[in-house]
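A short worksheet on the structure shown next.
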Amino acid sequence: MFAKRTNWNLAPNRLSEALAAHRAAGKPLLDLTVSNPTECEFEYDRSAILKALSNPAALSYEPDPRGLESARRAVAGYYADRGEDVSIEDIFLTTSTSEAYSCVFRTLCEPGDELLIPSPSYPLFDFLADIQDVSLVRYPLLYDHGWQIDFHALEQAITPRTRGVIVVHPNNPTGHFAKPVEIAKLNAICSTREMAIIADEVFLDFALEESRPPSFAANRNAPTFTLSGLSKISGLPQMKAAWLIAGGPQPWKSEALARLEVIADTYLSANAPVQLAMPSFLEQRHGFQGQVIVRVRRNLAELDRQLAAQKASSRLKVEGGWCAVLRVPATRSDEDLAIELLATKGVYTHPGHFYEFPSDGYLVVSLITPERRFAEGTRRLLGVP
């Protein structure tokens, strides 16, 4: 009696079972996978956040399919601060980037149509695609002194049913940004084949180098959807506020905006109190992001110090985001290694196969883990005295 699209294998994997048993037994745990910023000992302006939620205007209901103008102006101001011109008429507010993906998938795809997705990447996409009856086709990211898109494989993966290319900028978990030459190549491929670029930029502001990578939000050279939100930008995942921006050449953009407006008007999902608070919440990003960048750099420096004290493992280059990828001896499956680290050292990491790394020998750790926990966890992981 249930839909085939939700016929997932819901049985927990061996690592999940081991973690649940570890916690049930009350054993000490050093979690190096934490990604919820509200659990990572960052300081927030609590009074400003709570005050922003007490706006009397929230008692009135003034629905707008795109979202309240004041909130969209705040989002446009965020991009203006980056030197990028985004019209408030091109912005739609959603409760999450997951919802924004759903809007894009429904706008672009018939059931069974295809979207190209990078590999490695975060596993959430499979569920989003299944729910929307979309098929995902992987294109590889290659590592050679840094990450890059395998454009030959990407073009080979295109079929008559391909509707777009998903780009995570920077990628999670590899932490690499699409380079200007890669963006130009993506524009050429998508504009020629009438495909859209779908750019996920939730980690855009967390670049570790001084140069600031450009956003796809101002891209005019190919049909483009750009997704982001407060979950990462301001470290406020509980506020459920995100956005979707349509960009690209006319008249494609006008048609995309018209179709998105019908979808948005059907759901009217974004709630008024949070929309009214968005100018304040976006202002909070400055203090939050400064703390994150400091911690990520310190944790990377500590990781590099420990890696230099041994010879078995190394880390891959990271340009931004909150993760580090460790290359470890592939003497067993990554899942077996993660389970052993949990059982014998009380350290929880993500195995590479969780993100579809093409082979064993990779572990992923979170760089926003509080510093003392990170230092002790990686020391145990690497066996550094």
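Labeling convention for the structure tokens: chains A, B, ... as they appear, residues from 1 per chain, ligands from 1 in order of appearance.
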Within 10 Å of range 274-285 of chain A, counting only C-alpha atoms, which residues show up once you throw out same-chain ones fewer than 4 positions away? Write them as a ChimeraX atom specification, please.
/A:44-45,48-58,67-75,77-78,93-95,205,229-230,232-236,239-242,270,289-291
Could those selected residues go to a file with N, CA and C atoms, as a CSV table (one decimal), in the first residue's frame?
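Final file, part.csv:
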```
chain,number,residue,atom,x,y,z
A,44,TYR,N,26.7,32.9,20.8
A,44,TYR,CA,25.7,33.6,20.1
A,44,TYR,C,25.2,34.8,20.9
A,45,ASP,N,24.8,35.8,20.2
A,45,ASP,CA,24.1,37.0,20.8
A,45,ASP,C,22.7,36.6,21.1
A,48,ALA,N,19.9,39.3,21.1
A,48,ALA,CA,19.6,39.8,19.8
A,48,ALA,C,18.7,38.8,19.1
A,49,ILE,N,19.0,37.5,19.2
A,49,ILE,CA,18.3,36.5,18.5
A,49,ILE,C,16.8,36.4,19.0
A,50,LEU,N,16.7,36.5,20.4
A,50,LEU,CA,15.4,36.4,21.0
A,50,LEU,C,14.6,37.6,20.7
A,51,LYS,N,15.2,38.8,20.7
A,51,LYS,CA,14.5,40.0,20.4
A,51,LYS,C,14.0,40.0,19.0
A,52,ALA,N,14.8,39.5,18.1
A,52,ALA,CA,14.3,39.5,16.7
A,52,ALA,C,13.1,38.6,16.5
A,53,LEU,N,12.9,37.7,17.3
A,53,LEU,CA,11.7,36.8,17.2
A,53,LEU,C,10.5,37.4,17.9
A,54,SER,N,10.6,38.5,18.5
A,54,SER,CA,9.4,39.1,19.2
A,54,SER,C,8.8,40.3,18.5
A,55,ASN,N,9.0,40.3,17.2
A,55,ASN,CA,8.4,41.4,16.4
A,55,ASN,C,6.9,41.4,16.4
A,56,PRO,N,6.2,42.4,16.8
A,56,PRO,CA,4.7,42.4,16.8
A,56,PRO,C,4.1,42.2,15.4
A,57,ALA,N,4.9,42.5,14.4
A,57,ALA,CA,4.3,42.4,13.0
A,57,ALA,C,4.0,40.9,12.7
A,58,ALA,N,4.6,40.0,13.5
A,58,ALA,CA,4.4,38.6,13.3
A,58,ALA,C,2.9,38.2,13.6
A,67,GLY,N,8.2,35.3,-0.4
A,67,GLY,CA,8.6,35.6,1.0
A,67,GLY,C,8.5,37.1,1.2
A,68,LEU,N,8.5,37.5,2.5
A,68,LEU,CA,8.4,38.9,2.8
A,68,LEU,C,9.5,39.8,2.2
A,69,GLU,N,9.1,40.9,1.7
A,69,GLU,CA,10.1,41.8,1.0
A,69,GLU,C,11.3,42.1,1.9
A,70,SER,N,11.0,42.4,3.2
A,70,SER,CA,12.1,42.8,4.1
A,70,SER,C,13.1,41.7,4.2
A,71,ALA,N,12.7,40.4,4.3
A,71,ALA,CA,13.6,39.3,4.4
A,71,ALA,C,14.4,39.2,3.1
A,72,ARG,N,13.7,39.3,1.9
A,72,ARG,CA,14.4,39.2,0.7
A,72,ARG,C,15.4,40.3,0.5
A,73,ARG,N,15.1,41.5,1.0
A,73,ARG,CA,16.0,42.6,0.9
A,73,ARG,C,17.3,42.3,1.7
A,74,ALA,N,17.1,41.6,2.8
A,74,ALA,CA,18.2,41.3,3.7
A,74,ALA,C,19.1,40.2,3.0
A,75,VAL,N,18.5,39.3,2.3
A,75,VAL,CA,19.2,38.3,1.5
A,75,VAL,C,20.0,39.0,0.4
A,77,GLY,N,21.0,42.0,0.4
A,77,GLY,CA,22.0,42.8,1.0
A,77,GLY,C,23.2,41.9,1.4
A,78,TYR,N,22.9,40.7,1.7
A,78,TYR,CA,24.0,39.7,2.0
A,78,TYR,C,24.9,39.6,0.7
A,93,LEU,N,12.1,32.5,-0.6
A,93,LEU,CA,12.4,32.0,0.7
A,93,LEU,C,11.8,30.7,0.9
A,94,THR,N,12.5,29.8,1.5
A,94,THR,CA,12.1,28.4,1.8
A,94,THR,C,12.4,28.1,3.3
A,95,THR,N,11.9,27.0,3.8
A,95,THR,CA,12.2,26.6,5.1
A,95,THR,C,13.6,25.9,5.2
A,205,ASP,N,30.7,30.9,2.6
A,205,ASP,CA,31.4,32.0,3.4
A,205,ASP,C,32.6,31.4,4.2
A,229,GLY,N,21.3,29.3,2.9
A,229,GLY,CA,20.4,29.6,4.0
A,229,GLY,C,21.1,29.9,5.3
A,230,LEU,N,20.4,30.1,6.4
A,230,LEU,CA,20.9,30.5,7.7
A,230,LEU,C,21.5,29.3,8.5
A,232,LYS,N,23.9,27.3,7.9
A,232,LYS,CA,25.4,27.3,8.0
A,232,LYS,C,25.9,28.8,8.0
A,233,ILE,N,25.3,29.7,7.2
A,233,ILE,CA,25.8,31.0,7.1
A,233,ILE,C,25.8,31.7,8.5
A,234,SER,N,24.7,31.6,9.3
A,234,SER,CA,24.6,32.2,10.6
A,234,SER,C,24.7,31.2,11.7
A,235,GLY,N,24.8,29.9,11.4
A,235,GLY,CA,24.9,28.9,12.5
A,235,GLY,C,23.6,28.7,13.2
A,236,LEU,N,22.4,28.9,12.4
A,236,LEU,CA,21.1,28.8,13.0
A,236,LEU,C,20.2,27.8,12.3
A,239,MET,N,16.3,27.7,13.0
A,239,MET,CA,15.4,28.7,12.5
A,239,MET,C,14.7,28.4,11.2
A,240,LYS,N,15.2,27.4,10.5
A,240,LYS,CA,14.6,26.9,9.3
A,240,LYS,C,14.3,28.0,8.3
A,241,ALA,N,15.4,28.6,7.8
A,241,ALA,CA,15.3,29.7,6.9
A,241,ALA,C,16.3,29.5,5.8
A,242,ALA,N,15.9,29.5,4.6
A,242,ALA,CA,16.8,29.3,3.4
A,242,ALA,C,16.2,30.1,2.3
A,270,ALA,N,7.3,29.4,4.4
A,270,ALA,CA,8.2,30.1,5.3
A,270,ALA,C,7.3,30.9,6.3
A,289,GLN,N,30.7,33.5,12.0
A,289,GLN,CA,31.7,33.0,11.0
A,289,GLN,C,33.1,33.3,11.4
A,290,GLY,N,33.3,34.4,12.1
A,290,GLY,CA,34.7,34.6,12.6
A,290,GLY,C,35.1,33.5,13.6
A,291,GLN,N,34.2,33.1,14.4
A,291,GLN,CA,34.5,32.0,15.4
A,291,GLN,C,34.8,30.7,14.6
```
Any idea what's packed within 8 Å of Val167 in chain A, counting only C-alpha atoms, ignoring anything in its chain fewer than 4 positions away? Could you give it as number ranges by chain?
A: 117-118, 171, 178, 197-200
Residues just named, written with all heavy atoms as a PDB file, in the first residue's frame:
```pdb
ATOM      1  N   ILE A 117      25.295  14.680 -10.369  1.00  0.00           N
ATOM      2  CA  ILE A 117      25.655  15.027  -8.996  1.00  0.00           C
ATOM      3  C   ILE A 117      27.101  14.624  -8.745  1.00  0.00           C
ATOM      4  O   ILE A 117      27.557  13.579  -9.220  1.00  0.00           O
ATOM      5  CB  ILE A 117      24.706  14.330  -7.996  1.00  0.00           C
ATOM      6  CG1 ILE A 117      24.998  14.771  -6.562  1.00  0.00           C
ATOM      7  CG2 ILE A 117      24.779  12.836  -8.119  1.00  0.00           C
ATOM      8  CD1 ILE A 117      23.963  14.274  -5.577  1.00  0.00           C
ATOM      9  N   PRO A 118      27.868  15.453  -8.010  1.00  0.00           N
ATOM     10  CA  PRO A 118      29.282  15.124  -7.796  1.00  0.00           C
ATOM     11  C   PRO A 118      29.455  13.943  -6.859  1.00  0.00           C
ATOM     12  O   PRO A 118      28.625  13.673  -5.992  1.00  0.00           O
ATOM     13  CB  PRO A 118      29.847  16.403  -7.167  1.00  0.00           C
ATOM     14  CG  PRO A 118      28.672  17.055  -6.511  1.00  0.00           C
ATOM     15  CD  PRO A 118      27.502  16.742  -7.381  1.00  0.00           C
ATOM     16  N   ASN A 171      32.349  21.948  -1.902  1.00  0.00           N
ATOM     17  CA  ASN A 171      31.800  20.612  -1.752  1.00  0.00           C
ATOM     18  C   ASN A 171      31.858  20.146  -0.307  1.00  0.00           C
ATOM     19  O   ASN A 171      32.749  20.505   0.456  1.00  0.00           O
ATOM     20  CB  ASN A 171      32.585  19.646  -2.645  1.00  0.00           C
ATOM     21  CG  ASN A 171      32.052  18.237  -2.599  1.00  0.00           C
ATOM     22  OD1 ASN A 171      32.440  17.441  -1.753  1.00  0.00           O
ATOM     23  ND2 ASN A 171      31.167  17.921  -3.517  1.00  0.00           N
ATOM     24  N   ALA A 178      34.426  25.392  -6.815  1.00  0.00           N
ATOM     25  CA  ALA A 178      34.499  25.396  -8.277  1.00  0.00           C
ATOM     26  C   ALA A 178      35.352  26.590  -8.701  1.00  0.00           C
ATOM     27  O   ALA A 178      35.130  27.715  -8.258  1.00  0.00           O
ATOM     28  CB  ALA A 178      33.111  25.494  -8.873  1.00  0.00           C
ATOM     29  N   ILE A 197      22.372  24.765 -14.077  1.00  0.00           N
ATOM     30  CA  ILE A 197      23.310  24.591 -12.972  1.00  0.00           C
ATOM     31  C   ILE A 197      22.528  24.766 -11.674  1.00  0.00           C
ATOM     32  O   ILE A 197      21.769  25.724 -11.514  1.00  0.00           O
ATOM     33  CB  ILE A 197      24.441  25.629 -13.036  1.00  0.00           C
ATOM     34  CG1 ILE A 197      25.278  25.449 -14.301  1.00  0.00           C
ATOM     35  CG2 ILE A 197      25.336  25.532 -11.795  1.00  0.00           C
ATOM     36  CD1 ILE A 197      26.283  26.573 -14.539  1.00  0.00           C
ATOM     37  N   ILE A 198      22.686  23.834 -10.748  1.00  0.00           N
ATOM     38  CA  ILE A 198      22.050  23.916  -9.435  1.00  0.00           C
ATOM     39  C   ILE A 198      23.182  24.009  -8.418  1.00  0.00           C
ATOM     40  O   ILE A 198      23.881  23.028  -8.159  1.00  0.00           O
ATOM     41  CB  ILE A 198      21.165  22.689  -9.166  1.00  0.00           C
ATOM     42  CG1 ILE A 198      20.153  22.519 -10.293  1.00  0.00           C
ATOM     43  CG2 ILE A 198      20.471  22.811  -7.817  1.00  0.00           C
ATOM     44  CD1 ILE A 198      19.481  21.151 -10.309  1.00  0.00           C
ATOM     45  N   ALA A 199      23.388  25.201  -7.875  1.00  0.00           N
ATOM     46  CA  ALA A 199      24.558  25.464  -7.033  1.00  0.00           C
ATOM     47  C   ALA A 199      24.151  25.529  -5.563  1.00  0.00           C
ATOM     48  O   ALA A 199      23.360  26.380  -5.163  1.00  0.00           O
ATOM     49  CB  ALA A 199      25.230  26.765  -7.446  1.00  0.00           C
ATOM     50  N   ASP A 200      24.707  24.624  -4.772  1.00  0.00           N
ATOM     51  CA  ASP A 200      24.482  24.569  -3.332  1.00  0.00           C
ATOM     52  C   ASP A 200      25.639  25.308  -2.661  1.00  0.00           C
ATOM     53  O   ASP A 200      26.778  24.848  -2.702  1.00  0.00           O
ATOM     54  CB  ASP A 200      24.426  23.113  -2.888  1.00  0.00           C
ATOM     55  CG  ASP A 200      24.108  22.936  -1.414  1.00  0.00           C
ATOM     56  OD1 ASP A 200      24.489  23.815  -0.614  1.00  0.00           O
ATOM     57  OD2 ASP A 200      23.526  21.904  -1.056  1.00  0.00           O
TER      58      ASP A 200
END
```
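Compared by their closest atoms to Arg212 in chain A, and using only C-alpha atoms, the residues A:Arg161, A:Arg106, A:His176, A:Arg82 rank with A:Arg82 nearest.
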Neighbour list for Gly164 in chain A as a ChimeraX atom specification, cut-off 9 Å, only C-alpha atoms, skip fewer than 6 positions in-chain:
/A:108,114-117,190,194-198
How about saving the chosen residues, N, CA and C atoms kept, as a PDB file, in the first residue's frame?
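out.pdb written:
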```pdb
ATOM      1  N   LEU A 108      12.204  21.589 -12.931  1.00  0.00           N
ATOM      2  CA  LEU A 108      12.996  21.122 -14.071  1.00  0.00           C
ATOM      3  C   LEU A 108      12.592  19.763 -14.617  1.00  0.00           C
ATOM      4  N   GLU A 114      16.882  13.074 -15.210  1.00  0.00           N
ATOM      5  CA  GLU A 114      18.159  12.874 -14.529  1.00  0.00           C
ATOM      6  C   GLU A 114      18.825  14.203 -14.162  1.00  0.00           C
ATOM      7  N   LEU A 115      19.538  14.165 -13.065  1.00  0.00           N
ATOM      8  CA  LEU A 115      20.405  15.260 -12.648  1.00  0.00           C
ATOM      9  C   LEU A 115      21.781  14.690 -12.353  1.00  0.00           C
ATOM     10  N   LEU A 116      22.811  15.407 -12.752  1.00  0.00           N
ATOM     11  CA  LEU A 116      24.176  14.986 -12.470  1.00  0.00           C
ATOM     12  C   LEU A 116      24.590  15.520 -11.104  1.00  0.00           C
ATOM     13  N   ILE A 117      25.295  14.680 -10.369  1.00  0.00           N
ATOM     14  CA  ILE A 117      25.655  15.027  -8.996  1.00  0.00           C
ATOM     15  C   ILE A 117      27.101  14.624  -8.745  1.00  0.00           C
ATOM     16  N   CYS A 190      26.113  23.669 -20.011  1.00  0.00           N
ATOM     17  CA  CYS A 190      24.691  23.763 -19.686  1.00  0.00           C
ATOM     18  C   CYS A 190      23.940  24.670 -20.652  1.00  0.00           C
ATOM     19  N   GLU A 194      20.929  23.107 -22.949  1.00  0.00           N
ATOM     20  CA  GLU A 194      19.678  23.506 -22.287  1.00  0.00           C
ATOM     21  C   GLU A 194      19.488  22.766 -20.969  1.00  0.00           C
ATOM     22  N   MET A 195      20.541  22.805 -20.162  1.00  0.00           N
ATOM     23  CA  MET A 195      20.523  22.244 -18.822  1.00  0.00           C
ATOM     24  C   MET A 195      20.755  23.366 -17.820  1.00  0.00           C
ATOM     25  N   ALA A 196      20.381  23.116 -16.569  1.00  0.00           N
ATOM     26  CA  ALA A 196      20.555  24.120 -15.526  1.00  0.00           C
ATOM     27  C   ALA A 196      21.697  23.753 -14.596  1.00  0.00           C
ATOM     28  N   ILE A 197      22.372  24.765 -14.077  1.00  0.00           N
ATOM     29  CA  ILE A 197      23.310  24.591 -12.972  1.00  0.00           C
ATOM     30  C   ILE A 197      22.528  24.766 -11.674  1.00  0.00           C
ATOM     31  N   ILE A 198      22.686  23.834 -10.748  1.00  0.00           N
ATOM     32  CA  ILE A 198      22.050  23.916  -9.435  1.00  0.00           C
ATOM     33  C   ILE A 198      23.182  24.009  -8.418  1.00  0.00           C
TER      34      ILE A 198
END
```
Helix (DSSP H, G or I) positions in range 133-339 of chain A, given as JSON, numbers by chain:
{"A": [151, 152, 153, 154, 155, 156, 157, 180, 181, 182, 183, 184, 185, 186, 187, 188, 189, 190, 191, 192, 193, 216, 217, 218, 230, 231, 232, 233, 237, 238, 239, 252, 253, 254, 255, 256, 257, 258, 259, 260, 261, 262, 263, 264, 265, 266, 267, 272, 273, 274, 275, 276, 277, 278, 279, 280, 281, 282, 283, 285, 286, 287, 288, 289, 290, 291, 292, 293, 294, 295, 296, 297, 298, 299, 300, 301, 302, 303, 304, 305, 306, 307, 308, 334, 335, 336, 337, 338, 339]}
Please identify the strand (DSSP E) residues within range 51-112 of chain A (assignment by DSSP from backbone atoms) and present them as a ChimeraX atom specification.
/A:91-94
Selected residues written out, all heavy atoms, as a PDB file, in the first residue's frame:
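Written out: out32.pdb:
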```pdb
ATOM      1  N   ILE A  91      14.543  36.099  -5.774  1.00  0.00           N
ATOM      2  CA  ILE A  91      14.749  35.340  -4.540  1.00  0.00           C
ATOM      3  C   ILE A  91      13.428  34.742  -4.057  1.00  0.00           C
ATOM      4  O   ILE A  91      12.402  35.428  -4.017  1.00  0.00           O
ATOM      5  CB  ILE A  91      15.324  36.245  -3.435  1.00  0.00           C
ATOM      6  CG1 ILE A  91      16.674  36.837  -3.857  1.00  0.00           C
ATOM      7  CG2 ILE A  91      15.464  35.479  -2.117  1.00  0.00           C
ATOM      8  CD1 ILE A  91      17.177  37.930  -2.938  1.00  0.00           C
ATOM      9  N   PHE A  92      13.467  33.475  -3.688  1.00  0.00           N
ATOM     10  CA  PHE A  92      12.347  32.809  -3.033  1.00  0.00           C
ATOM     11  C   PHE A  92      12.819  32.283  -1.681  1.00  0.00           C
ATOM     12  O   PHE A  92      13.871  31.636  -1.596  1.00  0.00           O
ATOM     13  CB  PHE A  92      11.835  31.630  -3.869  1.00  0.00           C
ATOM     14  CG  PHE A  92      11.094  32.027  -5.111  1.00  0.00           C
ATOM     15  CD1 PHE A  92      11.790  32.321  -6.273  1.00  0.00           C
ATOM     16  CD2 PHE A  92       9.712  32.118  -5.120  1.00  0.00           C
ATOM     17  CE1 PHE A  92      11.118  32.697  -7.427  1.00  0.00           C
ATOM     18  CE2 PHE A  92       9.032  32.495  -6.263  1.00  0.00           C
ATOM     19  CZ  PHE A  92       9.730  32.786  -7.423  1.00  0.00           C
ATOM     20  N   LEU A  93      12.065  32.542  -0.635  1.00  0.00           N
ATOM     21  CA  LEU A  93      12.398  32.033   0.689  1.00  0.00           C
ATOM     22  C   LEU A  93      11.773  30.657   0.887  1.00  0.00           C
ATOM     23  O   LEU A  93      10.630  30.416   0.493  1.00  0.00           O
ATOM     24  CB  LEU A  93      11.896  32.985   1.775  1.00  0.00           C
ATOM     25  CG  LEU A  93      12.416  34.422   1.697  1.00  0.00           C
ATOM     26  CD1 LEU A  93      11.900  35.222   2.879  1.00  0.00           C
ATOM     27  CD2 LEU A  93      13.936  34.454   1.658  1.00  0.00           C
ATOM     28  N   THR A  94      12.534  29.767   1.503  1.00  0.00           N
ATOM     29  CA  THR A  94      12.073  28.422   1.810  1.00  0.00           C
ATOM     30  C   THR A  94      12.445  28.107   3.256  1.00  0.00           C
ATOM     31  O   THR A  94      13.195  28.841   3.888  1.00  0.00           O
ATOM     32  CB  THR A  94      12.701  27.368   0.878  1.00  0.00           C
ATOM     33  OG1 THR A  94      14.130  27.346   1.097  1.00  0.00           O
ATOM     34  CG2 THR A  94      12.432  27.683  -0.589  1.00  0.00           C
TER      35      THR A  94
END
```
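Of the residues listed (A:Leu10, A:Leu141, A:Leu128, A:Leu337), A:Leu141 shows the shortest atom-to-atom separation from Pro173 in chain A; distances use only C-alpha atoms.
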Long-range neighbours of Lys27 in chain A as a count of residues only, 10 Å cut-off, only C-alpha atoms, 6 positions minimum in chain:
3
What's around range 303-308 of chain A at 10 Å? Count only C-alpha atoms, leave out sequence neighbours fewer than 5 positions away in its own chain, and write the answer as number ranges by chain.
A: 297-298, 313-315, 324, 326, 367, 374-375, 378-379, 382-385
Can you write just those residues out, C-alpha atoms, as a PDB file, in the first residue's frame?
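Generated file (part30.pdb):
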```
ATOM      1  CA  ARG A 297      42.146  26.825  11.147  1.00  0.00           C
ATOM      2  CA  ARG A 298      43.269  25.846  14.644  1.00  0.00           C
ATOM      3  CA  SER A 313      48.121   8.809   7.375  1.00  0.00           C
ATOM      4  CA  SER A 314      47.748  12.165   5.644  1.00  0.00           C
ATOM      5  CA  ARG A 315      45.009  14.638   4.847  1.00  0.00           C
ATOM      6  CA  ALA A 324      38.714  17.343   6.655  1.00  0.00           C
ATOM      7  CA  LEU A 326      41.984  11.818   6.078  1.00  0.00           C
ATOM      8  CA  LEU A 367      36.587  20.747  11.842  1.00  0.00           C
ATOM      9  CA  PHE A 374      39.244  17.423  18.371  1.00  0.00           C
ATOM     10  CA  ALA A 375      42.851  17.305  19.554  1.00  0.00           C
ATOM     11  CA  THR A 378      42.594  12.846  16.464  1.00  0.00           C
ATOM     12  CA  ARG A 379      45.447  11.906  18.808  1.00  0.00           C
ATOM     13  CA  LEU A 382      46.273   8.590  14.668  1.00  0.00           C
ATOM     14  CA  GLY A 383      48.001   6.923  17.604  1.00  0.00           C
ATOM     15  CA  VAL A 384      50.141   9.984  18.271  1.00  0.00           C
ATOM     16  CA  PRO A 385      51.706  10.013  21.768  1.00  0.00           C
TER      17      PRO A 385
END
```
Tell me which protein, DNA and RNA residues are within 8 Å of range 356-359 of chain A, counting only C-alpha atoms, leaving out same-chain ones fewer than 4 positions away, and put them as a ChimeraX atom specification.
/A:119-121,352
Take the residues just selected and output them with all heavy atoms as a PDB file, in the first residue's frame.
```
ATOM      1  N   SER A 119      30.539  13.254  -7.039  1.00  0.00           N
ATOM      2  CA  SER A 119      30.924  12.150  -6.153  1.00  0.00           C
ATOM      3  C   SER A 119      32.426  12.249  -5.908  1.00  0.00           C
ATOM      4  O   SER A 119      33.203  12.251  -6.859  1.00  0.00           O
ATOM      5  CB  SER A 119      30.585  10.810  -6.796  1.00  0.00           C
ATOM      6  OG  SER A 119      30.903   9.740  -5.946  1.00  0.00           O
ATOM      7  N   PRO A 120      32.846  12.397  -4.629  1.00  0.00           N
ATOM      8  CA  PRO A 120      32.091  12.293  -3.381  1.00  0.00           C
ATOM      9  C   PRO A 120      31.172  13.491  -3.140  1.00  0.00           C
ATOM     10  O   PRO A 120      31.423  14.583  -3.624  1.00  0.00           O
ATOM     11  CB  PRO A 120      33.185  12.255  -2.305  1.00  0.00           C
ATOM     12  CG  PRO A 120      34.466  11.990  -3.022  1.00  0.00           C
ATOM     13  CD  PRO A 120      34.296  12.574  -4.370  1.00  0.00           C
ATOM     14  N   SER A 121      30.108  13.242  -2.348  1.00  0.00           N
ATOM     15  CA  SER A 121      29.262  14.318  -1.860  1.00  0.00           C
ATOM     16  C   SER A 121      28.380  13.794  -0.743  1.00  0.00           C
ATOM     17  O   SER A 121      28.385  12.598  -0.437  1.00  0.00           O
ATOM     18  CB  SER A 121      28.404  14.929  -2.978  1.00  0.00           C
ATOM     19  OG  SER A 121      27.378  14.059  -3.359  1.00  0.00           O
ATOM     20  N   GLY A 352      34.716   6.908   4.635  1.00  0.00           N
ATOM     21  CA  GLY A 352      34.640   7.546   3.324  1.00  0.00           C
ATOM     22  C   GLY A 352      33.476   7.076   2.486  1.00  0.00           C
ATOM     23  O   GLY A 352      32.898   7.853   1.713  1.00  0.00           O
TER      24      GLY A 352
END
```
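Closest to Ser254 in chain A among A:Tyr101, A:Gln310, A:Glu89, A:His145 is A:Glu89, based on only C-alpha atoms.
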Excluding same-chain residues fewer than 2 positions from Val318 in chain A, what lies within 12 Å of it counting only C-alpha atoms, as a compact mmCIF listing (two decimals) with N, CA and C atoms, in the first residue's frame?
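The resulting file, around02.txt, is shown below:
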```txt
# COMPACT_ATOMS: atom_id res chain seq x y z
N TYR A 143 41.14 13.87 -7.47
CA TYR A 143 42.10 14.52 -6.57
C TYR A 143 43.51 14.35 -7.10
N HIS A 145 46.70 16.81 -6.04
CA HIS A 145 47.17 18.03 -5.38
C HIS A 145 46.03 19.04 -5.25
N GLY A 146 44.83 18.57 -5.08
CA GLY A 146 43.63 19.39 -5.01
C GLY A 146 42.53 18.75 -5.83
N TRP A 147 41.29 19.16 -5.56
CA TRP A 147 40.14 18.55 -6.22
C TRP A 147 39.79 19.29 -7.50
N PRO A 170 31.43 25.43 -1.56
CA PRO A 170 32.37 24.33 -1.71
C PRO A 170 31.71 22.99 -1.39
N ASN A 171 32.35 21.95 -1.90
CA ASN A 171 31.80 20.61 -1.75
C ASN A 171 31.86 20.15 -0.31
N ASN A 172 30.89 19.34 0.05
CA ASN A 172 30.87 18.67 1.34
C ASN A 172 30.96 17.17 1.07
N PRO A 173 32.07 16.49 1.46
CA PRO A 173 33.03 16.89 2.48
C PRO A 173 34.39 17.33 1.96
N THR A 174 34.60 17.39 0.64
CA THR A 174 35.96 17.59 0.15
C THR A 174 36.46 19.02 0.39
N GLY A 175 35.54 19.97 0.53
CA GLY A 175 35.93 21.33 0.84
C GLY A 175 36.57 22.09 -0.29
N HIS A 176 36.26 21.71 -1.55
CA HIS A 176 36.86 22.45 -2.66
C HIS A 176 35.80 23.30 -3.36
N PHE A 177 36.24 24.46 -3.85
CA PHE A 177 35.38 25.38 -4.59
C PHE A 177 35.51 25.13 -6.09
N PHE A 206 32.78 30.10 4.16
CA PHE A 206 33.81 29.52 5.03
C PHE A 206 35.05 29.12 4.24
N ALA A 207 35.56 30.08 3.48
CA ALA A 207 36.80 29.88 2.73
C ALA A 207 37.99 30.05 3.66
N LEU A 208 38.98 29.17 3.50
CA LEU A 208 40.14 29.20 4.38
C LEU A 208 41.28 30.04 3.82
N GLU A 209 41.17 30.43 2.57
CA GLU A 209 42.18 31.29 1.97
C GLU A 209 41.66 32.72 1.92
N VAL A 296 38.28 26.29 12.75
CA VAL A 296 38.66 25.40 11.66
C VAL A 296 40.16 25.47 11.41
N ARG A 297 40.71 26.67 11.39
CA ARG A 297 42.15 26.83 11.15
C ARG A 297 42.98 26.23 12.28
N LEU A 300 42.76 22.43 12.00
CA LEU A 300 43.60 21.97 10.89
C LEU A 300 45.08 22.01 11.28
N ARG A 315 46.32 14.04 5.13
CA ARG A 315 45.01 14.64 4.85
C ARG A 315 45.02 15.25 3.46
N LEU A 316 43.82 15.32 2.87
CA LEU A 316 43.68 15.92 1.56
C LEU A 316 43.51 17.44 1.69
N GLY A 320 37.74 25.06 1.96
CA GLY A 320 36.67 25.69 2.70
C GLY A 320 35.72 24.66 3.29
N GLY A 321 34.73 25.14 4.02
CA GLY A 321 33.78 24.23 4.66
C GLY A 321 34.23 23.82 6.04
N TRP A 322 33.61 22.75 6.56
CA TRP A 322 33.80 22.35 7.94
C TRP A 322 34.40 20.96 8.10
N CYS A 323 34.86 20.33 7.03
CA CYS A 323 35.33 18.94 7.11
C CYS A 323 36.77 18.81 6.66
N ALA A 324 37.40 17.76 7.15
CA ALA A 324 38.71 17.34 6.66
C ALA A 324 38.63 15.87 6.27
N VAL A 325 39.28 15.53 5.18
CA VAL A 325 39.32 14.15 4.70
C VAL A 325 40.70 13.58 5.00
N LEU A 326 40.73 12.50 5.76
CA LEU A 326 41.98 11.82 6.08
C LEU A 326 42.18 10.63 5.16
N VAL A 364 36.39 10.87 7.40
CA VAL A 364 36.00 12.27 7.37
C VAL A 364 35.74 12.73 8.80
N LEU A 367 35.64 19.74 11.37
CA LEU A 367 36.59 20.75 11.84
C LEU A 367 35.96 21.77 12.77
```
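Candidate residues A:Asp360, A:Asp113, A:Asp64, A:Asp31 were compared for distance to Thr266 in chain A, and the nearest is A:Asp64, using only C-alpha atoms.
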